[in-house]
Amino acid sequence: MNDKTFAIKIDGVTKRFDQKVAVNNLSLTVNSGEIFGFLGPNGAGKTTLVKMMNGILTPNEGIISIEGINPFEKPAVAHRYMGTLTETANMYEYMTGEENLYFYGSVFGMDKAVLKDRIEELLEAVDLLDDKDKKVGDYSTGMKKRLALARAIIHYPKLVILDEPTSGLDPENARKINSLIKEYVATNNATVFICTHQLRYAQDICDRYGFINKGHIICTGTLSELIEKNSFSNNIHLKAKLGCPNKLLDQFKIQEEIYQIPFTDEEEIAELIKSVVVDGGKVYEARLKRPTLEDVYFSLLNEEAS
Amino acid sequence: MSKSVLAIIIKDLKYILRSKQLIALMLLVPLVLTVIMPSIFVIAISNLQVNMEDFKAIIEKVVGKENVELAYQKQLIISYFLNNILPVFFMLIPTMMSTIISSNSFIGEREKHTLETLYYSPIKVRDIFIAKNVVSICLSMILNFAVFIVMTVIINIVLLAVGMPAFIPGLKWLIVILCTSLAITIISTGIVVSKSNKSDSVEEAQQSAVFIILPIIGLVVGQFTGFIMISKLILAIASLIFLIISVMVLKLLSNKNDYYA
Ligand SMILES: Nc1ncnc2c1ncn2[C@@H]1O[C@H](COP(=O)(O)OP(=O)(O)O)[C@@H](O)[C@H]1O
Ligand SMILES: [Mg+2]
């Protein structure tokens with residue numbers, strides 16, 4: 001039993017709803033202290049997995065361990081160590097933001113005195129101090145999400161599970177959520193598991209990724225590992241007027257005077273530019289283009305489909 | 001009782017006591033049934049000038065006396081109504097109240113998706129179930145008792161006004177208010193709360209309370225026609241057995257630990 005080195009260990013988990021297989025023989029580990037991005041299209045099975053990690057849904061097969069605890073056997077114990085935010089878990093609309101936090105804090109067994117300071121601190125962090133006495137029913141989507149995040153981390157969980165924390169938010173609110181998550185991880189040495197289909201926001205904060213499609217994992221790793229594993233190459237984006245025809249460049253022409261050339265060694269770039277100039281051409285722009293998370297994601301997903 | 005359970009109980013009590021409409025709704029029917037209706041009944045009977053041959057047969061069955069004079073007849077009818085028919089209403093009232101409270105506090109949370117948030121906290125489903133039941137049972141019993149007090153006061157004022165002897169609730173009342181009502185509250189709450197796991201809406205869960213209301217209505221009809229005469233002893237024993245059964249049923253229901261996700 002060395003599961004404790006992992007914040008999350010999922011082993012061969014399958015979940016069926018009647019005929020539909022939502023999660024299919026899925027295995028995954030998340031290390032302590034990392035921000036893990038769990039990425040996949042709608043209906044891939046992300047939320048189903050989150051509910052199983054909380055012990056709210058029971059898998060048909062497989063084992064899940066959260067900080068060494070089996071969430072199906074001891075959900076109430078596991079929940080002490082984890083804070084979960086999902087799209088469908090609401091707070092009480094007839095209560096104010098502060099009252100809500102106070103209630104959930106008490107449900108987590110926190111002392112009144114501790115709770116008071118903690119709520120103050122959280123409201124300030126999520127930028128809701130001025131709206132703390134407003135009813136949650138009158139909150140905007142962004143405010144509700146921020147309050148929900150405050151709720152999820154009120155008890156200083158070691159593991160934070162966030163299911164679509166930025167969905168439906170404008171860029172500013174999404175950024176706010178992301179910086180809050182980062183800050184929490186930095187100050188509490190926590191692990192974060194983020195489910196999302198918004199790749200840009202994921203790339204901003206995640207250390208490692210897992211791609212899921214149709215209930216199974218396609219690939220896991222850090223961005224550079226993913227790039228390497230799938231032999232994606234870096235590209236040089238070149239805007240140049242050639243002095244004479246160049247066989248190599250013509251091969252990678254994507255537009256008039258625009259070329260995108262894959263390379264592995266930076267020396268190749270220097271050689272290339274030199275050859276263009278020596279041949280009497282002009283280089284207007286040379287830019288390094290690394291594959292983004294988006295490039296990797298879509299290429300892997302397309303590969304799946306074919 | 002754990003802190004978490006207590007927090008949920010306090011939150012639910014605050015919510016229900018805060019919604020004046022809900023409280024008004026819960027108190028309206030009981031007050032009509034046990035205060036206004038009996039008052040009208042007392043006044044009507046006391047002003048009646050004819051012999052009531054049909055009722056006499058019932059009264060004779062109860063008190064075993066023949067040839068009673070009119071004024072005494074009236075007293076007997078009123079006392080019969082107050083002591084044999086009114087108590088049955090106090091079995092109906094907690095059923096209604098606990099149904100409203102438990103369906104609001106449990107299914108309401110499910111429909112508004114706040115139950116899911118509770119599921120993510122370190123509290124067992126069983127404890128949520130217990131908290132919901134405690135709220136419903138306690139509040140129903142308190143409201144039931146409040147209605148009983150109001151009823152006793154008003155009816156005595158009315159009786160005094162028409163010159164009839166005062167109404168002093170006896171042992172039968174004590175059994176009904178403390179034991180029978182409690183048993184009925186427990187069982188109807190338990191049924192509604194656990195039913196809320198399967199049914200889709202507040203209405204559907206409330207309908208399940210019909211299984212409890214029907215036999216009680218049978219009892220009301222029985223009392224009116226003099227068909228069923230319940231003695232204090234039988235009432236006490238039956239209520240006690242009922243109470244034990246209801247607690248056992250509740251225990252059984254609370255052992256189901258499934259999340260209703
Ligand atoms: N309670 C349920 N009953 C039946 N099918 C479900 C249920 N929950 C989810 N599903 C199905 O399982 C699949 C995965 O859903 P979900 O986990 O919500 O995906 P994601 O969160 O990645 O968008 C979907 O096809 C969805 O329709
Ligand atoms: Mg989802």
# chains A, B, ... in the order shown; residues from 1 in each chain; ligands from 1
$ interface_residues --of "chain A" --to "chain B" --cutoff "8 Å" --atoms "only C-alpha atoms" --output "mmCIF file with all heavy atoms, in the first residue's frame"
data_model
loop_
_atom_site.group_PDB
_atom_site.id
_atom_site.type_symbol
_atom_site.label_atom_id
_atom_site.label_comp_id
_atom_site.auth_asym_id
_atom_site.auth_seq_id
_atom_site.Cartn_x
_atom_site.Cartn_y
_atom_site.Cartn_z
ATOM 1 N N ASN A 54 -15.709 10.856 -5.608
ATOM 2 C CA ASN A 54 -16.345 11.301 -4.372
ATOM 3 C C ASN A 54 -17.177 10.201 -3.719
ATOM 4 O O ASN A 54 -17.791 10.415 -2.677
ATOM 5 C CB ASN A 54 -17.236 12.516 -4.638
ATOM 6 C CG ASN A 54 -16.462 13.810 -4.541
ATOM 7 O OD1 ASN A 54 -16.169 14.276 -3.443
ATOM 8 N ND2 ASN A 54 -16.100 14.378 -5.668
ATOM 9 N N ILE A 56 -19.919 9.034 -4.776
ATOM 10 C CA ILE A 56 -21.349 9.274 -4.945
ATOM 11 C C ILE A 56 -21.929 8.331 -5.993
ATOM 12 O O ILE A 56 -23.066 7.904 -5.890
ATOM 13 C CB ILE A 56 -21.582 10.753 -5.314
ATOM 14 C CG1 ILE A 56 -21.413 11.575 -4.032
ATOM 15 C CG2 ILE A 56 -22.951 10.978 -5.905
ATOM 16 C CD1 ILE A 56 -21.417 13.033 -4.266
ATOM 17 N N LEU A 57 -21.120 8.001 -6.980
ATOM 18 C CA LEU A 57 -21.478 6.936 -7.913
ATOM 19 C C LEU A 57 -20.529 5.776 -7.639
ATOM 20 O O LEU A 57 -19.361 5.981 -7.324
ATOM 21 C CB LEU A 57 -21.302 7.402 -9.360
ATOM 22 C CG LEU A 57 -22.350 8.334 -9.958
ATOM 23 C CD1 LEU A 57 -21.942 8.707 -11.371
ATOM 24 C CD2 LEU A 57 -23.721 7.693 -9.956
ATOM 25 N N PRO A 75 -16.966 7.497 2.227
ATOM 26 C CA PRO A 75 -17.083 8.801 1.553
ATOM 27 C C PRO A 75 -16.938 9.974 2.519
ATOM 28 O O PRO A 75 -16.241 10.950 2.224
ATOM 29 C CB PRO A 75 -18.489 8.758 0.938
ATOM 30 C CG PRO A 75 -19.210 7.660 1.639
ATOM 31 C CD PRO A 75 -18.175 6.682 2.088
ATOM 32 N N ALA A 76 -17.530 9.854 3.695
ATOM 33 C CA ALA A 76 -17.500 10.972 4.633
ATOM 34 C C ALA A 76 -16.073 11.272 5.084
ATOM 35 O O ALA A 76 -15.714 12.425 5.309
ATOM 36 C CB ALA A 76 -18.403 10.679 5.829
ATOM 37 N N VAL A 77 -15.248 10.227 5.204
ATOM 38 C CA VAL A 77 -13.849 10.428 5.603
ATOM 39 C C VAL A 77 -13.067 11.044 4.443
ATOM 40 O O VAL A 77 -12.323 12.018 4.612
ATOM 41 C CB VAL A 77 -13.197 9.085 6.037
ATOM 42 C CG1 VAL A 77 -11.741 9.307 6.406
ATOM 43 C CG2 VAL A 77 -13.969 8.474 7.203
ATOM 44 N N ALA A 78 -13.275 10.502 3.250
ATOM 45 C CA ALA A 78 -12.562 11.005 2.069
ATOM 46 C C ALA A 78 -12.864 12.488 1.849
ATOM 47 O O ALA A 78 -11.971 13.268 1.507
ATOM 48 C CB ALA A 78 -12.958 10.199 0.840
ATOM 49 N N HIS A 79 -14.118 12.879 2.107
ATOM 50 C CA HIS A 79 -14.509 14.266 1.842
ATOM 51 C C HIS A 79 -13.815 15.267 2.769
ATOM 52 O O HIS A 79 -13.796 16.457 2.479
ATOM 53 C CB HIS A 79 -16.033 14.410 1.957
ATOM 54 C CG HIS A 79 -16.759 13.649 0.898
ATOM 55 N ND1 HIS A 79 -18.116 13.448 0.925
ATOM 56 C CD2 HIS A 79 -16.312 13.042 -0.222
ATOM 57 C CE1 HIS A 79 -18.461 12.738 -0.139
ATOM 58 N NE2 HIS A 79 -17.396 12.471 -0.845
ATOM 59 N N ARG A 80 -13.271 14.781 3.883
ATOM 60 C CA ARG A 80 -12.519 15.688 4.761
ATOM 61 C C ARG A 80 -11.273 16.207 4.057
ATOM 62 O O ARG A 80 -10.809 17.296 4.317
ATOM 63 C CB ARG A 80 -12.066 14.960 6.038
ATOM 64 C CG ARG A 80 -13.192 14.604 6.948
ATOM 65 C CD ARG A 80 -12.800 14.598 8.405
ATOM 66 N NE ARG A 80 -14.002 14.469 9.193
ATOM 67 C CZ ARG A 80 -14.799 15.470 9.489
ATOM 68 N NH1 ARG A 80 -14.474 16.685 9.117
ATOM 69 N NH2 ARG A 80 -15.906 15.284 10.168
ATOM 70 N N GLY A 83 -12.024 18.797 -1.637
ATOM 71 C CA GLY A 83 -13.038 19.817 -1.864
ATOM 72 C C GLY A 83 -13.457 19.714 -3.314
ATOM 73 O O GLY A 83 -12.609 19.704 -4.197
ATOM 74 N N THR A 84 -14.752 19.602 -3.555
ATOM 75 C CA THR A 84 -15.204 19.348 -4.921
ATOM 76 C C THR A 84 -16.145 20.440 -5.402
ATOM 77 O O THR A 84 -17.056 20.850 -4.681
ATOM 78 C CB THR A 84 -15.931 17.987 -4.998
ATOM 79 O OG1 THR A 84 -15.050 16.987 -4.514
ATOM 80 C CG2 THR A 84 -16.335 17.664 -6.426
ATOM 81 N N THR A 88 -23.182 21.180 -11.255
ATOM 82 C CA THR A 88 -24.565 21.014 -10.792
ATOM 83 C C THR A 88 -24.714 21.162 -9.277
ATOM 84 O O THR A 88 -25.838 21.183 -8.788
ATOM 85 C CB THR A 88 -25.101 19.633 -11.212
ATOM 86 O OG1 THR A 88 -24.123 18.654 -10.900
ATOM 87 C CG2 THR A 88 -25.411 19.603 -12.692
ATOM 88 N N ALA A 89 -23.596 21.275 -8.556
ATOM 89 C CA ALA A 89 -23.712 21.400 -7.098
ATOM 90 C C ALA A 89 -23.930 22.870 -6.729
ATOM 91 O O ALA A 89 -23.005 23.667 -6.748
ATOM 92 C CB ALA A 89 -22.461 20.856 -6.428
ATOM 93 N N ASN A 90 -25.154 23.213 -6.413
ATOM 94 C CA ASN A 90 -25.486 24.610 -6.114
ATOM 95 C C ASN A 90 -25.379 24.935 -4.638
ATOM 96 O O ASN A 90 -25.289 24.051 -3.793
ATOM 97 C CB ASN A 90 -26.918 24.915 -6.566
ATOM 98 C CG ASN A 90 -27.058 24.878 -8.063
ATOM 99 O OD1 ASN A 90 -26.063 24.913 -8.779
ATOM 100 N ND2 ASN A 90 -28.279 24.802 -8.536
ATOM 101 N N MET A 91 -25.454 26.250 -4.351
ATOM 102 C CA MET A 91 -25.526 26.710 -2.968
ATOM 103 C C MET A 91 -26.916 27.298 -2.743
ATOM 104 O O MET A 91 -27.694 27.423 -3.681
ATOM 105 C CB MET A 91 -24.414 27.719 -2.714
ATOM 106 C CG MET A 91 -23.069 27.076 -2.987
ATOM 107 S SD MET A 91 -21.650 28.154 -2.841
ATOM 108 C CE MET A 91 -21.475 28.261 -1.090
ATOM 109 N N TYR A 92 -27.228 27.655 -1.501
ATOM 110 C CA TYR A 92 -28.594 28.088 -1.192
ATOM 111 C C TYR A 92 -28.850 29.515 -1.672
ATOM 112 O O TYR A 92 -28.199 30.441 -1.209
ATOM 113 C CB TYR A 92 -28.866 27.963 0.304
ATOM 114 C CG TYR A 92 -28.714 26.538 0.764
ATOM 115 C CD1 TYR A 92 -27.540 26.087 1.326
ATOM 116 C CD2 TYR A 92 -29.749 25.624 0.572
ATOM 117 C CE1 TYR A 92 -27.376 24.768 1.696
ATOM 118 C CE2 TYR A 92 -29.604 24.297 0.944
ATOM 119 C CZ TYR A 92 -28.414 23.879 1.508
ATOM 120 O OH TYR A 92 -28.265 22.564 1.860
ATOM 121 N N PHE A 103 -22.544 28.172 6.685
ATOM 122 C CA PHE A 103 -23.227 26.880 6.800
ATOM 123 C C PHE A 103 -22.306 25.732 6.402
ATOM 124 O O PHE A 103 -22.162 24.752 7.137
ATOM 125 C CB PHE A 103 -24.500 26.864 5.955
ATOM 126 C CG PHE A 103 -25.082 25.489 5.797
ATOM 127 C CD1 PHE A 103 -25.642 24.836 6.884
ATOM 128 C CD2 PHE A 103 -25.040 24.825 4.574
ATOM 129 C CE1 PHE A 103 -26.153 23.550 6.760
ATOM 130 C CE2 PHE A 103 -25.547 23.547 4.437
ATOM 131 C CZ PHE A 103 -26.105 22.915 5.532
ATOM 132 N N TYR A 104 -21.666 25.855 5.222
ATOM 133 C CA TYR A 104 -20.819 24.746 4.767
ATOM 134 C C TYR A 104 -19.625 24.556 5.696
ATOM 135 O O TYR A 104 -19.205 23.426 5.947
ATOM 136 C CB TYR A 104 -20.384 24.953 3.318
ATOM 137 C CG TYR A 104 -21.535 24.732 2.368
ATOM 138 C CD1 TYR A 104 -22.165 25.792 1.735
ATOM 139 C CD2 TYR A 104 -22.038 23.452 2.149
ATOM 140 C CE1 TYR A 104 -23.250 25.589 0.890
ATOM 141 C CE2 TYR A 104 -23.118 23.245 1.308
ATOM 142 C CZ TYR A 104 -23.714 24.314 0.685
ATOM 143 O OH TYR A 104 -24.790 24.113 -0.134
ATOM 144 N N SER A 106 -19.663 25.005 8.881
ATOM 145 C CA SER A 106 -20.148 24.262 10.058
ATOM 146 C C SER A 106 -20.372 22.801 9.715
ATOM 147 O O SER A 106 -20.145 21.924 10.541
ATOM 148 C CB SER A 106 -21.469 24.820 10.602
ATOM 149 O OG SER A 106 -21.621 26.150 10.311
ATOM 150 N N VAL A 107 -20.840 22.533 8.498
ATOM 151 C CA VAL A 107 -21.023 21.138 8.098
ATOM 152 C C VAL A 107 -19.671 20.423 8.082
ATOM 153 O O VAL A 107 -19.585 19.241 8.390
ATOM 154 C CB VAL A 107 -21.713 21.035 6.718
ATOM 155 C CG1 VAL A 107 -21.691 19.611 6.196
ATOM 156 C CG2 VAL A 107 -23.144 21.541 6.804
ATOM 157 N N PHE A 108 -18.615 21.187 7.770
ATOM 158 C CA PHE A 108 -17.282 20.586 7.806
ATOM 159 C C PHE A 108 -16.728 20.542 9.226
ATOM 160 O O PHE A 108 -15.567 20.202 9.432
ATOM 161 C CB PHE A 108 -16.319 21.348 6.877
ATOM 162 C CG PHE A 108 -16.352 20.833 5.472
ATOM 163 C CD1 PHE A 108 -17.218 21.369 4.545
ATOM 164 C CD2 PHE A 108 -15.538 19.774 5.107
ATOM 165 C CE1 PHE A 108 -17.255 20.878 3.250
ATOM 166 C CE2 PHE A 108 -15.578 19.276 3.816
ATOM 167 C CZ PHE A 108 -16.433 19.824 2.882
ATOM 168 N N GLY A 109 -17.546 20.914 10.191
ATOM 169 C CA GLY A 109 -17.155 20.794 11.583
ATOM 170 C C GLY A 109 -16.188 21.868 12.061
ATOM 171 O O GLY A 109 -15.502 21.694 13.056
#
$ select_by_dssp --residues "stretch 7-167 of chain A" --states "helix (DSSP H, G or I)" --output "VMD selection string"
chain A and resid 46 to 53 75 to 81 97 to 107 112 to 125 129 to 131 136 to 138 141 to 152
$ residues_around --residues "stretch 263-280 of chain A" --least-positions-apart "2" --cutoff "6 Å" --atoms "only C-alpha atoms" --output "VMD selection string"
chain A and resid 234 to 235 243 282
$ write_last_selection --atoms "C-alpha atoms" --output "tab-separated table (two decimals), in the first residue's frame"
chain	number	residue	atom	x	y	z
A	234	ASN	CA	8.62	22.51	-33.16
A	235	ASN	CA	8.19	24.76	-36.17
A	243	GLY	CA	16.32	35.11	-54.07
A	282	LYS	CA	15.19	38.67	-47.69
$ closest_atom_pairs --of "chain A" --to "ligand 2" --cutoff "9 Å" --atoms "only C-alpha atoms and all ligand atoms" --output "CSV"
residue,atom,partner,partner_atom_place_in_ligand_line,distance
A:Pro41,CA,ligand 2,1 (Mg),8.9
A:Asn42,CA,ligand 2,1 (Mg),6.4
A:Gly43,CA,ligand 2,1 (Mg),6.7
A:Ala44,CA,ligand 2,1 (Mg),7.9
A:Gly45,CA,ligand 2,1 (Mg),7.0
A:Lys46,CA,ligand 2,1 (Mg),5.5
A:Thr47,CA,ligand 2,1 (Mg),4.2
A:Thr48,CA,ligand 2,1 (Mg),7.4
A:Val50,CA,ligand 2,1 (Mg),8.8
A:Thr86,CA,ligand 2,1 (Mg),7.9
A:Glu87,CA,ligand 2,1 (Mg),7.4
A:Asp163,CA,ligand 2,1 (Mg),6.6
A:Glu164,CA,ligand 2,1 (Mg),6.9
A:Cys195,CA,ligand 2,1 (Mg),7.7
A:Thr196,CA,ligand 2,1 (Mg),7.9
$ atom_distance --atom1 "atom CA of B:Ile175" --atom2 "atom CA of B:Ser239"
7.6 Å
$ residues_around --residues "A:Lys182" --least-positions-apart "3" --cutoff "12 Å" --atoms "only C-alpha atoms" --output "number ranges by chain"
A: 33-36, 160, 175-179, 185-192, 194, 201-202, 204-207
$ write_last_selection --atoms "N, CA and C atoms" --output "short mmCIF file (atom, residue, chain, number, x, y, z; two decimals), in the first residue's frame"
data_model
loop_
_atom_site.label_atom_id
_atom_site.label_comp_id
_atom_site.auth_asym_id
_atom_site.auth_seq_id
_atom_site.Cartn_x
_atom_site.Cartn_y
_atom_site.Cartn_z
N GLY A 33 0.61 17.32 -5.04
CA GLY A 33 1.19 18.64 -5.28
C GLY A 33 1.11 19.14 -6.71
N GLU A 34 0.53 18.35 -7.61
CA GLU A 34 0.48 18.83 -8.99
C GLU A 34 -0.93 19.32 -9.36
N ILE A 35 -0.97 20.16 -10.38
CA ILE A 35 -2.26 20.57 -10.94
C ILE A 35 -2.48 19.73 -12.18
N PHE A 36 -3.45 18.86 -12.11
CA PHE A 36 -3.66 17.91 -13.19
C PHE A 36 -4.86 18.34 -14.02
N VAL A 160 -8.16 19.24 -4.35
CA VAL A 160 -9.28 20.03 -4.84
C VAL A 160 -9.69 19.48 -6.20
N ARG A 175 -9.89 34.04 -15.64
CA ARG A 175 -8.52 34.33 -15.18
C ARG A 175 -8.47 34.39 -13.65
N LYS A 176 -9.47 35.06 -13.09
CA LYS A 176 -9.54 35.21 -11.63
C LYS A 176 -9.56 33.84 -10.97
N ILE A 177 -10.42 32.96 -11.49
CA ILE A 177 -10.53 31.61 -10.94
C ILE A 177 -9.17 30.91 -11.03
N ASN A 178 -8.54 31.02 -12.19
CA ASN A 178 -7.25 30.37 -12.37
C ASN A 178 -6.19 30.87 -11.39
N SER A 179 -6.14 32.18 -11.18
CA SER A 179 -5.10 32.67 -10.28
C SER A 179 -5.41 32.27 -8.83
N VAL A 185 -2.89 26.42 -4.34
CA VAL A 185 -1.92 25.32 -4.43
C VAL A 185 -0.58 25.74 -3.84
N ALA A 186 -0.16 26.96 -4.17
CA ALA A 186 1.14 27.44 -3.70
C ALA A 186 1.16 27.55 -2.18
N THR A 187 0.09 28.07 -1.59
CA THR A 187 0.13 28.30 -0.15
C THR A 187 -0.23 27.07 0.67
N ASN A 188 -0.95 26.12 0.09
CA ASN A 188 -1.40 24.97 0.88
C ASN A 188 -0.78 23.65 0.45
N ASN A 189 0.11 23.71 -0.55
CA ASN A 189 0.77 22.50 -1.00
C ASN A 189 -0.26 21.43 -1.36
N ALA A 190 -1.31 21.86 -2.05
CA ALA A 190 -2.41 20.96 -2.36
C ALA A 190 -2.28 20.38 -3.77
N THR A 191 -3.13 19.39 -4.03
CA THR A 191 -3.20 18.79 -5.35
C THR A 191 -4.52 19.25 -5.99
N VAL A 192 -4.48 19.53 -7.29
CA VAL A 192 -5.71 19.96 -7.94
C VAL A 192 -5.98 19.09 -9.16
N ILE A 194 -8.39 19.21 -12.36
CA ILE A 194 -9.32 20.10 -13.07
C ILE A 194 -9.86 19.40 -14.31
N TYR A 201 -7.41 27.82 -20.82
CA TYR A 201 -7.33 28.03 -19.37
C TYR A 201 -6.55 26.91 -18.71
N ALA A 202 -6.68 25.72 -19.27
CA ALA A 202 -5.96 24.57 -18.71
C ALA A 202 -4.46 24.78 -18.88
N ASP A 204 -2.85 27.39 -19.01
CA ASP A 204 -2.36 28.43 -18.12
C ASP A 204 -1.88 27.90 -16.78
N ILE A 205 -2.53 26.87 -16.27
CA ILE A 205 -2.20 26.48 -14.90
C ILE A 205 -1.78 25.03 -14.68
N CYS A 206 -2.04 24.14 -15.63
CA CYS A 206 -1.80 22.72 -15.33
C CYS A 206 -0.34 22.30 -15.51
N ASP A 207 0.08 21.36 -14.63
CA ASP A 207 1.42 20.81 -14.73
C ASP A 207 1.42 19.58 -15.65
#
